[in-house]
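Source file: target03.txt. Holds: compact mmCIF, C-alpha atoms.
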# COMPACT_ATOMS: atom_id res chain seq x y z
CA MET A 1 0.00 0.00 0.00
CA SER A 2 2.88 2.38 0.71
CA ASN A 3 3.88 2.28 -2.95
CA VAL A 4 0.64 4.04 -4.00
CA ILE A 5 -0.19 6.45 -1.16
CA GLY A 6 0.74 10.01 -2.08
CA LYS A 7 1.79 9.10 -5.60
CA PRO A 8 -0.02 10.18 -8.78
CA LEU A 9 -1.39 7.11 -10.53
CA ARG A 10 -3.00 6.94 -13.93
CA ARG A 11 -6.57 5.60 -13.84
CA VAL A 12 -6.98 2.41 -15.81
CA ASP A 13 -10.15 3.73 -17.48
CA GLY A 14 -9.14 7.39 -17.66
CA ARG A 15 -8.16 7.61 -21.33
CA ALA A 16 -11.30 5.79 -22.54
CA LYS A 17 -13.54 8.07 -20.45
CA VAL A 18 -12.01 11.39 -21.56
CA THR A 19 -11.96 10.38 -25.23
CA GLY A 20 -15.59 9.22 -25.17
CA ALA A 21 -14.74 5.60 -25.96
CA THR A 22 -16.28 4.22 -22.76
CA ARG A 23 -19.82 2.91 -23.19
CA PHE A 24 -22.18 3.43 -20.29
CA ALA A 25 -25.57 1.77 -19.72
CA ASP A 26 -27.29 4.91 -21.01
CA ASP A 27 -25.41 4.54 -24.32
CA LEU A 28 -26.86 1.11 -25.04
CA SER A 29 -29.74 0.61 -27.44
CA LEU A 30 -30.95 -2.91 -28.12
CA PRO A 31 -33.62 -4.16 -30.54
CA GLY A 32 -37.05 -4.03 -28.92
CA MET A 33 -35.77 -2.08 -25.94
CA LEU A 34 -38.31 -0.07 -23.98
CA HIS A 35 -37.77 2.96 -21.74
CA LEU A 36 -39.24 3.68 -18.32
CA LYS A 37 -39.74 7.03 -16.64
CA LEU A 38 -41.03 7.61 -13.14
CA LEU A 39 -43.58 10.22 -12.18
CA ARG A 40 -42.52 11.52 -8.79
CA SER A 41 -44.46 13.31 -6.10
CA THR A 42 -44.42 17.10 -6.16
CA VAL A 43 -45.68 17.40 -2.58
CA PRO A 44 -43.90 16.43 0.66
CA HIS A 45 -46.72 14.53 2.38
CA ALA A 46 -50.13 13.61 1.03
CA ARG A 47 -52.73 10.90 0.66
CA LEU A 48 -53.09 9.61 -2.88
CA ILE A 49 -56.73 10.06 -3.78
CA ALA A 50 -56.38 9.00 -7.42
CA VAL A 51 -53.66 8.13 -9.91
CA ASP A 52 -55.12 7.99 -13.41
CA GLY A 53 -52.83 6.92 -16.25
CA ALA A 54 -55.52 6.68 -18.97
CA ARG A 55 -54.37 9.78 -20.88
CA ALA A 56 -50.76 8.62 -20.71
CA ALA A 57 -51.66 5.10 -21.86
CA ALA A 58 -53.45 6.56 -24.90
CA LEU A 59 -50.30 8.35 -26.12
CA PRO A 60 -48.85 6.56 -29.19
CA GLY A 61 -45.75 4.61 -28.22
CA VAL A 62 -46.74 4.05 -24.60
CA LYS A 63 -46.80 0.36 -23.77
CA LEU A 64 -47.78 0.42 -20.09
CA VAL A 65 -48.61 2.74 -17.22
CA LEU A 66 -48.03 1.33 -13.73
CA THR A 67 -49.26 2.63 -10.36
CA GLY A 68 -48.96 1.46 -6.78
CA ARG A 69 -52.06 -0.68 -7.29
CA ASP A 70 -49.96 -2.85 -9.60
CA PHE A 71 -47.44 -3.52 -6.78
CA PRO A 72 -49.49 -4.09 -3.61
CA VAL A 73 -46.95 -6.40 -1.94
CA PRO A 74 -44.06 -4.72 -0.09
CA PHE A 75 -40.62 -5.90 -1.16
CA GLY A 76 -38.21 -4.32 1.35
CA ILE A 77 -34.97 -6.26 1.44
CA LEU A 78 -33.46 -4.65 4.54
CA PRO A 79 -34.89 -5.20 8.03
CA VAL A 80 -35.55 -1.45 8.32
CA SER A 81 -37.48 -1.30 5.05
CA GLN A 82 -39.75 -4.34 5.07
CA ASP A 83 -42.73 -2.12 4.18
CA GLU A 84 -41.11 -0.58 1.09
CA HIS A 85 -43.12 -0.44 -2.15
CA ALA A 86 -41.90 0.06 -5.72
CA LEU A 87 -44.56 2.78 -6.26
CA CYS A 88 -46.59 4.60 -3.62
CA THR A 89 -49.82 2.80 -2.84
CA ASP A 90 -51.74 5.14 -0.54
CA ARG A 91 -49.60 8.15 0.38
CA VAL A 92 -46.44 10.01 -0.53
CA ARG A 93 -43.91 10.78 2.16
CA PHE A 94 -41.48 13.12 0.41
CA VAL A 95 -41.06 15.22 -2.72
CA GLY A 96 -39.76 12.76 -5.30
CA ASP A 97 -41.53 9.66 -3.96
CA PRO A 98 -42.35 7.52 -7.06
CA VAL A 99 -46.09 7.60 -7.84
CA ALA A 100 -46.33 6.05 -11.33
CA ALA A 101 -44.12 4.50 -13.99
CA VAL A 102 -44.54 4.81 -17.75
CA VAL A 103 -43.04 2.32 -20.19
CA ALA A 104 -42.70 3.49 -23.80
CA VAL A 105 -40.85 2.82 -27.04
CA ASP A 106 -38.44 5.72 -26.48
CA GLU A 107 -37.27 7.96 -23.67
CA LEU A 108 -38.98 11.13 -24.93
CA THR A 109 -42.38 9.43 -25.26
CA ALA A 110 -42.04 7.99 -21.76
CA TYR A 111 -41.16 11.42 -20.38
CA GLU A 112 -44.06 13.12 -22.18
CA ALA A 113 -46.46 10.45 -20.95
CA THR A 114 -45.51 11.03 -17.30
CA GLU A 115 -46.87 14.57 -17.70
CA LEU A 116 -50.22 13.09 -18.79
CA VAL A 117 -50.68 11.01 -15.63
CA ASP A 118 -53.30 12.71 -13.46
CA VAL A 119 -52.62 12.56 -9.72
CA THR A 120 -54.99 13.88 -7.07
CA TYR A 121 -53.33 14.53 -3.71
CA GLU A 122 -54.90 15.26 -0.33
CA PRO A 123 -52.16 17.25 1.42
CA LEU A 124 -51.26 16.09 4.92
CA ALA A 125 -49.45 17.92 7.69
CA THR A 126 -45.68 18.06 7.49
CA VAL A 127 -43.04 18.62 10.13
CA ALA A 128 -40.27 20.70 8.63
CA ASP A 129 -37.83 21.22 11.49
CA ALA A 130 -36.94 20.15 15.04
CA GLU A 131 -38.77 23.02 16.71
CA GLU A 132 -41.99 22.16 14.91
CA ALA A 133 -41.56 18.50 15.85
CA LEU A 134 -41.17 19.41 19.51
CA ALA A 135 -44.22 21.70 19.35
CA THR A 136 -46.44 18.92 18.03
Any chance you could give the structure as structure tokens?
Amino acid sequence: MSNVIGKPLRRVDGRAKVTGATRFADDLSLPGMLHLKLLRSTVPHARLIAVDGARAAALPGVKLVLTGRDFPVPFGILPVSQDEHALCTDRVRFVGDPVAAVVAVDELTAYEATELVDVTYEPLATVADAEEALAT
């Protein structure tokens, strides 16, 4: 270990990365490949009243729109997350919580379809800092 600490070493993959020769997963395109985009919550805490993907599903190129109803069984793999779901089933708990997934023939169509998913939220109380938590 002492022969590398404090010494400049050339990265094995450095040249390929800076010249653009490295292929990343996002660079791959395979025949029949589909793309998935997630619709994420825009509110910090709310009950999901309705998630309607009908308009998104009608967009040409969209193959499937998934919601929490499609994944009712929790899958958590860690002891602390045994109640984890792939998509929110009844409430969102943070901005960015995944609410729906759209599968389409290309990335742009999938992205556009996420904007056609109608979500109705019932906002719930949030606790934003320690003082507010102590007050409640």
Quiz item: What is the atom CA of A:Ala46 to atom CA of A:Leu78 distance in Å?
Solution: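 Atom CA of A:Leu78 lies 25.0 Å from atom CA of A:Ala46.
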What's around A:Leu34 at 7 Å? Count only C-alpha atoms, leave out sequence neighbours fewer than 2 positions away in its own chain, and write the answer as a VMD selection string. chain A and resid 32 36 103 to 106
Students should find that atom CA of A:Gly61 and atom CA of A:Val119 are spaced 21.3 Å
* Could you give me, as a PyMOL selection string, the residues within 10 Å of A:Asp97, counting all atoms listed in the file and dropping anything in the same chain fewer than 3 positions from it? => chain A and resi 38-45+86-88+91-94+100
Quick one: what's the axis-aligned box for stretch 95-107 of chain A, all listed atoms, 8 Å on every side, centre and edges in Å to one decimal, as AutoDock Vina command-line options?
--center_x -41.8 --center_y 8.8 --center_z -14.9 --size_x 25.1 --size_y 28.9 --size_z 40.3
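Take the candidates A:Lys37, A:Lys63, A:Arg55, A:Lys17 and check each one against A:Val99 using all atoms listed in the file; the shortest distance goes to A:Lys37.
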Q. Restricting the calculation to only C-alpha atoms, which member of A:Val117, A:Leu28, A:Ala110, A:Val127 is positioned closest to A:Thr67?
A.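 Ranked by minimum distance to A:Thr67, first place goes to A:Val117.
The coordinates place atom CA of A:Thr114 at 17.2 Å from atom CA of A:Thr89.
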Go ahead and find all residues with at least one atom no further than 8 Å from (-54.8, 9.5, -14.8) in the file's coordinates, using all atoms listed in the file; report them as an MDAnalysis selection string. chainID A and resid 50:56 116:119
Counting only C-alpha atoms, which residues have an atom no more than 6 Å from (-45.3, -3.0, -6.3) in the file's coordinates? Please list them as a list in words. Gly68, Asp70, Phe71, Pro72, Val73, His85, Ala86 and Leu87 of chain A
Could you write out that same residue set with C-alpha atoms as a PDB file, in the coordinates of the input?
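Writing done, so here's again_9.pdb:
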ATOM      1  CA  GLY A  68     -48.960   1.460  -6.780  1.00  0.00           C
ATOM      2  CA  ASP A  70     -49.960  -2.850  -9.600  1.00  0.00           C
ATOM      3  CA  PHE A  71     -47.440  -3.520  -6.780  1.00  0.00           C
ATOM      4  CA  PRO A  72     -49.490  -4.090  -3.610  1.00  0.00           C
ATOM      5  CA  VAL A  73     -46.950  -6.400  -1.940  1.00  0.00           C
ATOM      6  CA  HIS A  85     -43.120  -0.440  -2.150  1.00  0.00           C
ATOM      7  CA  ALA A  86     -41.900   0.060  -5.720  1.00  0.00           C
ATOM      8  CA  LEU A  87     -44.560   2.780  -6.260  1.00  0.00           C
TER       9      LEU A  87
END
